[in-house]
file model-v9.cif (mmCIF, C-alpha atoms)
data_model
loop_
_atom_site.label_atom_id
_atom_site.label_comp_id
_atom_site.auth_asym_id
_atom_site.auth_seq_id
_atom_site.Cartn_x
_atom_site.Cartn_y
_atom_site.Cartn_z
CA MET F 1 -66.08 -10.12 -14.23
CA GLU F 2 -64.64 -10.25 -10.72
CA ILE F 3 -62.44 -13.26 -10.08
CA ILE F 4 -60.18 -14.73 -7.43
CA GLU F 5 -56.60 -15.49 -8.49
CA ILE F 6 -53.33 -16.72 -7.04
CA VAL F 7 -50.34 -14.58 -8.01
CA PHE F 8 -46.61 -15.34 -7.93
CA PRO F 9 -45.45 -11.82 -6.94
CA GLU F 10 -41.73 -12.49 -7.21
CA ALA F 11 -39.21 -15.26 -7.71
CA LEU F 12 -38.93 -17.82 -4.93
CA VAL F 13 -42.00 -16.64 -3.07
CA ALA F 14 -42.61 -19.18 -0.31
CA PRO F 15 -45.70 -21.29 -1.07
CA ARG F 16 -47.07 -20.59 2.40
CA ARG F 17 -47.16 -16.86 1.53
CA LEU F 18 -49.50 -17.36 -1.42
CA ARG F 19 -52.96 -15.93 -0.82
CA PRO F 20 -56.03 -15.57 -3.05
CA SER F 21 -56.80 -12.02 -4.13
CA ALA F 22 -59.66 -10.38 -6.01
CA SER F 23 -59.13 -9.08 -9.53
CA LYS F 24 -61.09 -7.90 -12.55
CA LEU F 25 -61.19 -10.04 -15.68
CA GLU F 26 -61.78 -8.15 -18.92
CA PRO F 27 -64.45 -9.39 -21.36
CA PRO F 28 -63.18 -11.96 -23.87
CA ALA F 29 -61.55 -10.49 -26.97
CA PRO F 30 -62.59 -11.48 -30.50
CA GLY F 31 -62.09 -15.19 -30.99
CA GLN F 32 -61.95 -15.88 -27.26
CA VAL F 33 -64.24 -17.44 -24.69
CA GLN F 34 -64.40 -16.72 -20.96
CA ILE F 35 -64.28 -19.78 -18.74
CA GLY F 36 -65.65 -19.81 -15.22
CA VAL F 37 -62.89 -22.02 -13.84
CA GLU F 38 -63.94 -24.84 -11.55
CA ALA F 39 -60.63 -26.72 -11.40
CA ALA F 40 -56.99 -25.99 -12.26
CA GLY F 41 -53.87 -28.13 -12.26
CA VAL F 42 -50.57 -27.94 -10.39
CA SER F 43 -47.58 -29.04 -12.43
CA PHE F 44 -43.80 -29.25 -12.53
CA ASP F 45 -43.90 -26.12 -14.71
CA ASP F 46 -45.48 -24.12 -11.87
CA MET F 47 -42.69 -25.28 -9.57
CA LEU F 48 -40.06 -23.99 -12.01
CA MET F 49 -42.01 -20.77 -12.65
CA ARG F 50 -41.95 -20.06 -8.90
CA ARG F 51 -38.15 -20.26 -9.09
CA GLY F 52 -38.02 -18.13 -12.23
CA THR F 53 -36.28 -20.90 -14.19
CA PHE F 54 -39.01 -22.16 -16.51
CA PRO F 55 -38.14 -22.01 -20.24
CA GLY F 56 -40.14 -19.06 -21.55
CA GLN F 57 -40.52 -17.82 -17.98
CA PRO F 58 -43.33 -15.23 -17.53
CA ARG F 59 -42.35 -11.92 -15.97
CA PHE F 60 -43.28 -11.46 -12.32
CA PRO F 61 -45.92 -10.87 -11.09
CA PHE F 62 -48.10 -13.40 -12.89
CA VAL F 63 -50.73 -16.10 -12.29
CA PRO F 64 -49.40 -19.66 -12.74
CA GLY F 65 -51.36 -22.72 -13.84
CA ARG F 66 -51.08 -24.68 -17.11
CA ASP F 67 -54.60 -26.10 -17.44
CA VAL F 68 -58.18 -25.41 -16.42
CA ALA F 69 -61.66 -26.86 -16.61
CA GLY F 70 -64.99 -25.14 -16.13
CA THR F 71 -68.00 -23.67 -17.92
CA VAL F 72 -67.96 -21.10 -20.70
CA VAL F 73 -69.73 -18.06 -19.24
CA ARG F 74 -69.20 -15.60 -22.09
CA GLU F 75 -68.28 -15.63 -25.77
CA GLY F 76 -66.13 -13.00 -27.42
CA PRO F 77 -67.05 -11.34 -30.74
CA GLY F 78 -67.13 -13.82 -33.58
CA VAL F 79 -67.56 -16.87 -31.33
CA THR F 80 -70.75 -18.93 -31.11
CA GLY F 81 -71.75 -22.34 -29.84
CA TRP F 82 -69.68 -22.48 -26.64
CA ALA F 83 -71.78 -20.62 -24.05
CA GLY F 84 -72.78 -22.88 -21.16
CA ARG F 85 -70.61 -25.79 -22.26
CA ARG F 86 -68.27 -27.75 -19.97
CA VAL F 87 -64.76 -27.31 -21.33
CA ALA F 88 -61.06 -27.66 -20.56
CA ALA F 89 -58.00 -25.94 -21.97
CA ILE F 90 -54.21 -25.97 -21.76
CA VAL F 91 -52.80 -22.48 -21.25
CA GLU F 92 -49.31 -20.95 -21.06
CA HIS F 93 -50.05 -19.74 -17.52
CA GLY F 94 -52.92 -18.00 -15.73
CA GLY F 95 -54.94 -21.07 -14.74
CA TRP F 96 -54.91 -20.46 -10.99
CA ALA F 97 -57.90 -18.16 -11.15
CA THR F 98 -61.68 -18.54 -11.02
CA GLY F 99 -61.99 -17.03 -14.48
CA VAL F 100 -59.81 -16.92 -17.59
CA ASN F 101 -60.08 -15.84 -21.22
CA VAL F 102 -58.71 -18.30 -23.77
CA PRO F 103 -58.91 -18.66 -27.56
CA ALA F 104 -62.03 -20.57 -28.55
CA ALA F 105 -59.81 -22.75 -30.73
CA ALA F 106 -57.98 -23.94 -27.60
CA VAL F 107 -60.96 -25.31 -25.67
CA VAL F 108 -62.09 -28.94 -25.66
CA PRO F 109 -65.42 -30.29 -24.39
CA VAL F 110 -65.20 -32.22 -21.13
CA PRO F 111 -66.87 -35.65 -21.48
CA ASP F 112 -70.05 -36.07 -19.44
CA GLY F 113 -68.50 -38.88 -17.41
CA LEU F 114 -65.71 -36.69 -16.02
CA THR F 115 -65.94 -34.14 -13.23
CA PHE F 116 -63.99 -30.92 -13.65
CA VAL F 117 -61.43 -32.13 -11.09
CA GLU F 118 -60.99 -35.42 -12.95
CA ALA F 119 -60.67 -33.60 -16.26
CA VAL F 120 -57.82 -31.48 -14.89
CA SER F 121 -56.16 -34.45 -13.21
CA LEU F 122 -55.73 -35.79 -16.74
CA GLY F 123 -55.51 -32.53 -18.73
CA TYR F 124 -52.01 -31.23 -19.35
CA ALA F 125 -50.35 -34.20 -17.62
CA ALA F 126 -52.03 -36.93 -19.67
CA ALA F 127 -51.67 -34.91 -22.88
CA LEU F 128 -47.93 -34.68 -22.20
CA ALA F 129 -47.79 -38.40 -21.42
CA ARG F 130 -49.59 -39.26 -24.65
CA ARG F 131 -47.18 -37.09 -26.65
CA MET F 132 -44.20 -38.85 -25.07
CA VAL F 133 -45.51 -42.40 -25.42
CA HIS F 134 -46.71 -42.14 -29.01
CA ASP F 135 -44.93 -39.28 -30.74
CA LEU F 136 -41.50 -39.27 -29.06
CA ALA F 137 -40.91 -42.87 -27.96
CA GLY F 138 -43.18 -44.69 -30.43
CA VAL F 139 -44.09 -47.29 -27.82
CA GLY F 140 -45.67 -50.42 -29.28
CA ALA F 141 -46.74 -53.98 -28.55
CA GLY F 142 -44.15 -56.27 -27.05
CA GLN F 143 -41.86 -53.51 -25.83
CA THR F 144 -40.68 -52.89 -22.28
CA VAL F 145 -40.58 -49.36 -20.83
CA VAL F 146 -39.50 -47.89 -17.49
CA VAL F 147 -41.44 -45.14 -15.74
CA PRO F 148 -39.57 -43.58 -12.81
CA GLY F 149 -42.10 -41.73 -10.66
CA ALA F 150 -44.87 -44.03 -11.86
CA PRO F 151 -47.37 -42.79 -9.23
CA GLY F 152 -46.62 -39.14 -10.00
CA TRP F 153 -48.45 -36.29 -11.70
CA VAL F 154 -47.60 -37.60 -15.20
CA GLY F 155 -46.54 -41.12 -14.25
CA THR F 156 -50.01 -42.58 -13.72
CA SER F 157 -50.95 -41.58 -17.27
CA LEU F 158 -47.62 -42.81 -18.69
CA VAL F 159 -48.18 -46.24 -17.15
CA GLN F 160 -51.70 -46.50 -18.55
CA LEU F 161 -50.90 -45.19 -22.02
CA ALA F 162 -47.83 -47.40 -22.44
CA GLY F 163 -49.91 -50.36 -21.34
CA LEU F 164 -52.66 -49.47 -23.82
CA ALA F 165 -49.99 -49.44 -26.52
CA GLY F 166 -49.16 -53.04 -25.63
CA ALA F 167 -45.95 -52.49 -23.69
CA ARG F 168 -44.79 -54.08 -20.46
CA VAL F 169 -44.26 -51.34 -17.89
CA VAL F 170 -41.77 -51.22 -15.03
CA GLY F 171 -42.88 -48.62 -12.49
CA VAL F 172 -40.28 -47.11 -10.16
CA SER F 173 -41.01 -45.25 -6.93
CA SER F 174 -41.29 -45.91 -3.20
CA THR F 175 -43.07 -49.04 -2.02
CA ARG F 176 -45.77 -46.93 -0.33
CA GLN F 177 -46.59 -44.94 -3.46
CA LEU F 178 -46.45 -47.99 -5.70
CA ALA F 179 -48.87 -49.78 -3.38
CA GLU F 180 -51.34 -46.88 -3.61
CA CYS F 181 -51.69 -47.40 -7.36
CA ALA F 182 -51.19 -51.17 -7.39
CA ASP F 183 -54.35 -51.62 -9.46
CA LEU F 184 -52.42 -50.22 -12.42
CA GLU F 185 -50.60 -52.83 -14.46
CA PHE F 186 -46.83 -52.52 -13.97
CA GLU F 187 -43.89 -54.32 -12.45
CA PRO F 188 -43.03 -52.44 -9.22
CA VAL F 189 -39.47 -51.49 -8.27
CA ASP F 190 -38.65 -49.58 -5.07
CA HIS F 191 -35.91 -47.06 -5.78
CA TRP F 192 -35.08 -46.72 -2.08
CA THR F 193 -34.39 -50.36 -1.30
CA GLU F 194 -33.57 -51.99 -4.65
CA ASP F 195 -30.92 -51.72 -7.36
CA VAL F 196 -33.11 -50.29 -10.12
CA PRO F 197 -30.94 -51.19 -13.16
CA ALA F 198 -30.43 -54.72 -11.83
CA ARG F 199 -34.16 -55.23 -11.28
CA VAL F 200 -34.96 -53.82 -14.71
CA ALA F 201 -32.34 -56.12 -16.27
CA ALA F 202 -34.17 -59.06 -14.74
CA TYR F 203 -37.28 -58.04 -16.68
CA ALA F 204 -35.44 -57.06 -19.88
CA PRO F 205 -31.94 -58.64 -20.10
CA ASP F 206 -31.23 -56.97 -23.45
CA GLY F 207 -32.36 -53.56 -22.23
CA VAL F 208 -35.61 -51.64 -22.45
CA ASP F 209 -37.17 -49.77 -25.34
CA ALA F 210 -37.87 -46.53 -23.50
CA VAL F 211 -37.31 -44.76 -20.19
CA PHE F 212 -39.40 -41.71 -19.25
CA ASP F 213 -37.12 -39.75 -16.92
CA THR F 214 -38.55 -37.04 -14.66
CA ILE F 215 -35.55 -36.85 -12.30
CA GLY F 216 -32.72 -35.54 -14.47
CA GLY F 217 -29.25 -34.81 -13.09
CA PRO F 218 -27.36 -37.96 -12.05
CA ASN F 219 -30.38 -40.10 -12.85
CA LEU F 220 -29.97 -39.51 -16.60
CA ALA F 221 -26.90 -41.77 -16.78
CA GLU F 222 -28.75 -44.52 -14.91
CA SER F 223 -31.70 -44.23 -17.26
CA LEU F 224 -29.41 -44.48 -20.29
CA SER F 225 -27.77 -47.59 -18.87
CA MET F 226 -31.09 -49.44 -18.98
CA LEU F 227 -31.77 -48.85 -22.69
CA LYS F 228 -31.27 -51.41 -25.43
CA PRO F 229 -29.52 -50.32 -28.64
CA GLY F 230 -32.00 -48.08 -30.42
CA GLY F 231 -33.94 -47.39 -27.24
CA VAL F 232 -35.17 -43.89 -26.32
CA LEU F 233 -34.74 -41.84 -23.16
CA VAL F 234 -37.47 -39.21 -22.98
CA SER F 235 -36.58 -36.51 -20.46
CA TYR F 236 -39.50 -34.47 -19.17
CA GLY F 237 -38.35 -33.16 -15.78
CA ASN F 238 -35.39 -32.29 -13.62
CA TRP F 239 -36.39 -32.81 -10.01
CA ALA F 240 -32.74 -33.41 -9.11
CA THR F 241 -31.58 -30.03 -10.43
CA ARG F 242 -34.72 -27.94 -9.98
CA ASP F 243 -32.95 -25.52 -7.62
CA GLN F 244 -30.02 -24.93 -9.94
CA PRO F 245 -29.84 -22.06 -12.46
CA ARG F 246 -31.98 -21.97 -15.57
CA GLY F 247 -30.42 -24.00 -18.37
CA THR F 248 -28.79 -26.56 -16.07
CA HIS F 249 -31.01 -29.38 -17.26
CA LEU F 250 -30.51 -28.55 -20.93
CA ALA F 251 -26.75 -28.43 -20.35
CA ASP F 252 -26.93 -31.85 -18.70
CA LEU F 253 -28.71 -33.28 -21.74
CA GLU F 254 -26.21 -31.68 -24.14
CA ARG F 255 -23.30 -33.03 -22.09
CA LEU F 256 -24.57 -36.56 -22.57
CA ALA F 257 -24.34 -36.07 -26.35
CA ASP F 258 -26.36 -39.23 -26.86
CA PRO F 259 -28.79 -39.43 -29.81
CA ARG F 260 -31.07 -41.67 -27.78
CA VAL F 261 -31.96 -38.76 -25.48
CA VAL F 262 -35.12 -36.87 -26.48
CA PRO F 263 -36.27 -33.81 -24.49
CA ALA F 264 -40.05 -33.65 -24.14
CA SER F 265 -41.57 -30.55 -25.69
CA THR F 266 -44.57 -28.92 -24.04
CA GLY F 267 -46.15 -27.43 -27.16
CA LEU F 268 -49.42 -29.16 -26.45
CA GLY F 269 -52.77 -28.17 -27.91
CA PRO F 270 -56.46 -29.02 -28.04
CA ASP F 271 -55.93 -32.11 -30.21
CA ASP F 272 -53.68 -33.64 -27.53
CA LEU F 273 -56.29 -32.90 -24.89
CA ALA F 274 -59.15 -34.26 -27.00
CA ARG F 275 -57.32 -37.56 -27.51
CA VAL F 276 -56.88 -38.22 -23.80
CA PHE F 277 -60.47 -37.20 -23.05
CA ALA F 278 -61.66 -39.66 -25.70
CA LEU F 279 -59.75 -42.45 -23.96
CA ALA F 280 -61.20 -41.41 -20.60
CA ALA F 281 -64.73 -41.35 -22.03
CA GLU F 282 -64.19 -44.92 -23.26
CA GLY F 283 -63.06 -45.99 -19.78
CA ARG F 284 -59.54 -46.75 -20.98
CA LEU F 285 -57.72 -43.95 -19.13
CA ARG F 286 -58.35 -43.29 -15.45
CA PRO F 287 -57.79 -40.04 -13.56
CA PHE F 288 -55.75 -40.09 -10.35
CA VAL F 289 -56.32 -37.09 -8.08
CA ALA F 290 -54.00 -36.02 -5.26
CA GLY F 291 -56.18 -33.87 -3.03
CA PRO F 292 -58.05 -32.01 -4.36
CA TYR F 293 -57.30 -28.66 -2.74
CA ALA F 294 -59.53 -25.58 -2.69
CA PHE F 295 -58.19 -22.53 -4.55
CA GLY F 296 -57.53 -20.90 -1.20
CA GLU F 297 -55.20 -23.79 -0.37
CA ALA F 298 -52.99 -23.24 -3.43
CA GLY F 299 -49.92 -22.55 -1.30
CA ARG F 300 -50.29 -25.81 0.60
CA ALA F 301 -51.03 -27.66 -2.63
CA LEU F 302 -47.85 -26.38 -4.25
CA GLU F 303 -45.80 -27.11 -1.14
CA ASP F 304 -47.15 -30.68 -1.00
CA PHE F 305 -46.40 -31.11 -4.70
CA GLU F 306 -42.83 -29.87 -4.28
CA ASN F 307 -42.27 -32.10 -1.24
CA GLY F 308 -43.24 -35.13 -3.34
CA GLY F 309 -44.67 -38.44 -2.21
CA LEU F 310 -48.16 -37.87 -3.64
CA VAL F 311 -50.03 -40.19 -5.98
CA GLY F 312 -51.67 -38.64 -9.04
CA ARG F 313 -52.22 -35.02 -10.01
CA VAL F 314 -52.56 -32.15 -7.56
CA VAL F 315 -55.73 -30.25 -8.49
CA LEU F 316 -57.15 -26.96 -7.22
CA HIS F 317 -60.94 -26.75 -7.16
CA ARG F 318 -63.42 -23.96 -6.62
CA ASP F 319 -65.82 -24.02 -3.69
CA SER F 320 -68.08 -21.49 -2.00
CA SER F 321 -65.18 -19.83 -0.20
CA ASP F 322 -63.53 -18.99 -3.54
CA HIS F 323 -66.24 -16.59 -4.65
CA PRO F 324 -65.47 -12.85 -4.35
#
call {"tool": "encode", "arguments": {"input": "model-v9.cif", "output": "structure tokens"}}
result
Amino acid sequence: MEIIEIVFPEALVAPRRLRPSASKLEPPAPGQVQIGVEAAGVSFDDMLMRRGTFPGQPRFPFVPGRDVAGTVVREGPGVTGWAGRRVAAIVEHGGWATGVNVPAAAVVPVPDGLTFVEAVSLGYAAALARRMVHDLAGVGAGQTVVVPGAPGWVGTSLVQLAGLAGARVVGVSSTRQLAECADLEFEPVDHWTEDVPARVAAYAPDGVDAVFDTIGGPNLAESLSMLKPGGVLVSYGNWATRDQPRGTHLADLERLADPRVVPASTGLGPDDLARVFALAAEGRLRPFVAGPYAFGEAGRALEDFENGGLVGRVVLHRDSSDHP
């Protein structure tokens, strides 16, 4: 099968240099399915992979992309029942391509009510958010949580999932971004013009139950200061130190030596994805799409993502110009 893919040829390749190229995709191996990819996600992981600092970093050159959605076009030996079905999957990398082979056990049906772009806008990001809210922070009714970057690629799902769990949510970002997702239920705090800990203390004088920190670096201490005794700081990003050497963020967490700090793991699978799709099918979890961008615009999409200021998930989608 001939496909179009986006390759990171070397560390620190400038996003504007990324170009689609043609490649051959081998038939699926036993136990695999081949997905004709219609949409793929852009994530914080891709940003770190471009720098060569992602934990478990692939060797250059490689195709980035942590999740895909599309139609199964071919089944490998020993696989039946998937051909022609609309599916999504979380992958280690390789999603920025118009075709990919994945284990059949990793794919999840896309609900009829979701487009491929919407499925990816949830996908890996919402699965990660669900893992953090329920498994790591144990958010429940009556609690108060803080979501820095509430309008961001994971933030929109964090806000919704914490709210579904019965928590009061304080969303932190710029006034412009907060206004663009004002229909979500959260208390807005502008981190540019307001004292965030002071505003949060007004909502929760005894401290909050959880903070979901995507900034890292100096922001970790501020996030800790907002917790109540027994609260949890879930760290799932390091925007502040993204250009520093690999291991900087982990060293920052270890330096804090605080048992309330929990790093978010990314060992997500089909069950995580199925859970968020079930919520979306019920109308309880909404996708937020930044873009979308055609596959040929992957460089601009990544650059926009890294520059920040977007609301929702950056998604690459296939159109007629993406065909070989």
call {"tool": "atom_distance", "arguments": {"input": "model-v9.cif", "atom1": "atom CA of Val289 of chain F", "atom2": "atom CA of Ser157 of chain F"}}
result
11.6 Å
call {"tool": "residues_around", "arguments": {"input": "model-v9.cif", "residues": "Thr241 of chain F", "least_positions_apart": "2", "cutoff": "10 Å", "atoms": "all atoms listed in the file", "output": "number ranges by chain"}}
result
F: 215-218, 237-239, 243-246, 248-249, 252
call {"tool": "resolve_selection", "arguments": {"input": "model-v9.cif", "expression": "the PyMOL selection byres ((chain F and resi 9-13) around 7)", "output": "PyMOL selection string"}}
result
chain F and resi 7-8+14-15+17+50-52+60-62
call {"tool": "resolve_selection", "arguments": {"input": "model-v9.cif", "expression": "the PyMOL selection byres ((chain F and resi 149) around 10)", "output": "PyMOL selection string"}}
result
chain F and resi 146-148+150-156+158-159+171-174+177-178+191+212-215+308-309+311
call {"tool": "atom_distance", "arguments": {"input": "model-v9.cif", "atom1": "atom CA of Ala29 of chain F", "atom2": "atom CA of Gly95 of chain F"}}
result
17.5 Å
call {"tool": "resolve_selection", "arguments": {"input": "model-v9.cif", "expression": "the PyMOL selection byres ((chain F and resi 273) around 12)", "output": "VMD selection string"}}
result
chain F and resid 67 to 69 87 to 91 106 to 111 119 to 131 267 to 272 274 to 280
call {"tool": "closest_residue", "arguments": {"input": "model-v9.cif", "among": "F:Val33, F:Ala137, F:Val208, F:Ile4", "to": "Gly81 of chain F", "atoms": "all atoms listed in the file"}}
result
F:Val33
call {"tool": "atom_distance", "arguments": {"input": "model-v9.cif", "atom1": "atom CA of Arg199 of chain F", "atom2": "atom CA of Glu254 of chain F"}}
result
28.0 Å
call {"tool": "axis_aligned_box", "arguments": {"input": "model-v9.cif", "around": "segment 172-176 of chain F", "padding_each_side": "8 Å", "output": "lines of an AutoDock Vina configuration file"}}
result
center_x = -43.0
center_y = -47.1
center_z = -5.2
size_x = 21.5
size_y = 19.8
size_z = 25.8
call {"tool": "residues_around", "arguments": {"input": "model-v9.cif", "residues": "Arg19 of chain F", "least_positions_apart": "6", "cutoff": "10 Å", "atoms": "only C-alpha atoms", "output": "list in words"}}
result
Ile4, Glu5, Ile6, Val7, Phe8, Phe295, Gly296, Glu297, Ala298 and Gly299 of chain F
call {"tool": "residues_around", "arguments": {"input": "model-v9.cif", "residues": "Asn307 of chain F", "least_positions_apart": "5", "cutoff": "12 Å", "atoms": "only C-alpha atoms", "output": "PyMOL selection string"}}
result
chain F and resi 15+44+47+239+300-302
call {"tool": "closest_residue", "arguments": {"input": "model-v9.cif", "among": "F:Ile35, F:Val169, F:Val102, F:Ala22", "to": "Gly70 of chain F", "atoms": "only C-alpha atoms"}}
result
F:Ile35
call {"tool": "closest_residue", "arguments": {"input": "model-v9.cif", "among": "F:Val37, F:Val261, F:Ala179, F:Val42", "to": "Arg313 of chain F", "atoms": "all atoms listed in the file"}}
result
F:Val42
call {"tool": "residues_around", "arguments": {"input": "model-v9.cif", "residues": "Gly78 of chain F", "least_positions_apart": "4", "cutoff": "10 Å", "atoms": "only C-alpha atoms", "output": "PDB file with C-alpha atoms, in the frame of the given file"}}
result
ATOM      1  CA  ALA F  29     -61.550 -10.490 -26.970  1.00  0.00           C
ATOM      2  CA  PRO F  30     -62.590 -11.480 -30.500  1.00  0.00           C
ATOM      3  CA  GLY F  31     -62.090 -15.190 -30.990  1.00  0.00           C
ATOM      4  CA  GLN F  32     -61.950 -15.880 -27.260  1.00  0.00           C
ATOM      5  CA  ALA F 104     -62.030 -20.570 -28.550  1.00  0.00           C
TER       6      ALA F 104
END
call {"tool": "closest_residue", "arguments": {"input": "model-v9.cif", "among": "F:Leu18, F:Thr53, F:Gly140, F:Gln160", "to": "Gly283 of chain F", "atoms": "all atoms listed in the file"}}
result
F:Gln160
